[in-house]
Amino acid sequence: MSIKKVSKIQPELFEFSKENLIEVEKEINKYPKGKKASAVLSLLYLAQNQNDNWIPLAAIKYIAKLLGMSYIKVYEVVTFYSMFNLSPVGKYFVQICTTTPCMIRGANKITNICKKHISQNQNELSENKLCSWTEVECLGACVNAPMMQVNQDYFEDLDESKTEEIVLKLLSGNFPTPGSAKNRKNNAPEKGKTTLIDIKNA
Ligand code: FES
C-alpha cells in the first residue's frame, strides 16, 4: 500500500490562474449558499492539474481559506484519496493496483518491473525524471487484472513482458496504446461474446 510522501521542497505560495479562478467560481456555484466546502474535491483537482500533477501544501492552505475550511480538513481530504499527490510525480505517472484480485493475478511482477526500470522505491522519479510509480488500491478494473493506470489511461490484462514493454516505452518518452494486452474489448470474454450475440451494440 502506498504511503503519501509530502515533498520536502515546497513553493511558498500558490494561487489559481485566471482561467482556473473562473472554473473555481463555476464549481462553487454548483452548491447551495453556505455549502461551498462541497467544492473541495473539484478545487483540489484543479490545483493538481495546474501544478504538474501534485498539490503543494501552499495550495491546501489557499483552498482552505477560499472555502472557509480549516487547513486540516482539506489536508484530510488530500491524504484520503489516492488520486491526489503531495510530491512531484513523473510526466508519466504509473499507478499499480495491488488489491487482492490484481495481487492474485501477478501485481507483484508489475511492481518489480517498475522497481527495476523506474525507481527502486515508489514515489520517486526515474533517473531521466520522466516516470514515477506508486501502488494504489482497487482501480475498479478487477475483471481485467492485473492492471495499472498511467496518467488517465488503463493498461489491463498485463503480464511481465507486456508491462516491461509499456514501461520502457514510457521511459523513452512515448505513450503506449492503452487498453487490454489481450485485445479484449472492455471486459468482454477473451474469445469474444458468448451472450446477447444477436443484439446489435449489446
Ligand atoms: S483489484 Fe485491481 S482493479 Fe480491482
# chains A, B, ... in the order shown; residues from 1 in each chain; ligands from 1
call {"tool": "closest_atom_pairs", "arguments": {"of": "chain A", "to": "ligand 1", "cutoff": "10 Å", "atoms": "only C-alpha atoms and all ligand atoms", "output": "CSV"}}
result
residue,atom,partner,partner_atom_place_in_ligand_line,distance
A:Ile96,CA,ligand 1,2 (Fe),8.1
A:Cys97,CA,ligand 1,2 (Fe),4.7
A:Thr98,CA,ligand 1,2 (Fe),6.1
A:Thr99,CA,ligand 1,1 (S),4.4
A:Thr100,CA,ligand 1,1 (S),5.5
A:Pro101,CA,ligand 1,1 (S),4.5
A:Cys102,CA,ligand 1,2 (Fe),4.3
A:Met103,CA,ligand 1,1 (S),7.3
A:Ile104,CA,ligand 1,1 (S),9.0
A:Arg105,CA,ligand 1,2 (Fe),9.2
A:Ala107,CA,ligand 1,2 (Fe),8.3
A:Val136,CA,ligand 1,2 (Fe),8.7
A:Glu137,CA,ligand 1,1 (S),7.0
A:Cys138,CA,ligand 1,4 (Fe),3.8
A:Leu139,CA,ligand 1,3 (S),4.2
A:Gly140,CA,ligand 1,3 (S),4.4
A:Ala141,CA,ligand 1,3 (S),3.9
A:Cys142,CA,ligand 1,4 (Fe),3.5
A:Val143,CA,ligand 1,3 (S),7.2
A:Asn144,CA,ligand 1,3 (S),7.4
A:Ala145,CA,ligand 1,2 (Fe),5.7
A:Pro146,CA,ligand 1,2 (Fe),6.1
A:Met147,CA,ligand 1,2 (Fe),6.2
A:Met148,CA,ligand 1,3 (S),7.9
A:Gln149,CA,ligand 1,3 (S),9.5
A:Tyr154,CA,ligand 1,3 (S),9.7
A:Glu156,CA,ligand 1,3 (S),8.9
call {"tool": "residues_around", "arguments": {"residues": "Asn29 (chain A)", "least_positions_apart": "6", "cutoff": "12 Å", "atoms": "only C-alpha atoms", "output": "ChimeraX atom specification"}}
result
/A:22-23,35-39,42,67
call {"tool": "atom_distance", "arguments": {"atom1": "CA of Gln48 (chain A)", "atom2": "CA of Leu130 (chain A)"}}
result
17.6 Å
call {"tool": "select_by_dssp", "arguments": {"residues": "region 21-165 of chain A", "states": "alpha helix (DSSP H)", "output": "count of residues only"}}
result
62
call {"tool": "closest_atom_pairs", "arguments": {"of": "region 7-104 of chain A", "to": "region 173-191 of chain A", "cutoff": "12 Å", "atoms": "only C-alpha atoms", "output": "tab-separated table"}}
result
residue	atom	partner	partner_atom	distance
A:Gly90	CA	A:Gly173	CA	11.0
A:Lys91	CA	A:Gly173	CA	9.0
A:Tyr92	CA	A:Phe175	CA	8.3
A:Phe93	CA	A:Phe175	CA	11.2
A:Val94	CA	A:Phe175	CA	11.7
call {"tool": "closest_residue", "arguments": {"among": "A:Lys73, A:Lys193, A:His117, A:Lys200", "to": "Leu170 (chain A)", "atoms": "only C-alpha atoms"}}
result
A:His117
call {"tool": "closest_residue", "arguments": {"among": "A:Phe80, A:Gly68, A:Tyr45, A:Ser87", "to": "Gln10 (chain A)", "atoms": "only C-alpha atoms"}}
result
A:Ser87
call {"tool": "select_by_dssp", "arguments": {"residues": "region 89-200 of chain A", "states": "strand (DSSP E)", "output": "ChimeraX atom specification"}}
result
/A:92-97,131-136,148-150,153-156,179-180
call {"tool": "write_last_selection", "arguments": {"atoms": "C-alpha atoms", "output": "tab-separated table (two decimals), in the first residue's frame"}}
result
chain	number	residue	atom	x	y	z
A	92	TYR	CA	4.15	9.55	-16.86
A	93	PHE	CA	2.69	8.54	-13.52
A	94	VAL	CA	2.23	4.79	-13.15
A	95	GLN	CA	-0.27	3.59	-10.55
A	96	ILE	CA	-0.25	-0.15	-9.97
A	97	CYS	CA	-3.30	-1.77	-8.44
A	131	CYS	CA	8.35	8.49	-14.80
A	132	SER	CA	7.35	7.64	-11.27
A	133	TRP	CA	5.23	4.82	-9.86
A	134	THR	CA	3.13	4.05	-6.85
A	135	GLU	CA	0.89	1.29	-5.53
A	136	VAL	CA	-2.82	2.04	-5.21
A	148	MET	CA	-2.16	-0.35	-13.90
A	149	GLN	CA	-3.12	3.23	-14.67
A	150	VAL	CA	-0.77	5.64	-16.44
A	153	ASP	CA	-5.41	5.62	-19.08
A	154	TYR	CA	-5.79	1.99	-18.03
A	155	PHE	CA	-3.49	-0.86	-19.12
A	156	GLU	CA	-5.10	-4.22	-18.40
A	179	GLY	CA	-6.35	-1.00	-23.07
A	180	SER	CA	-6.23	-4.75	-22.71
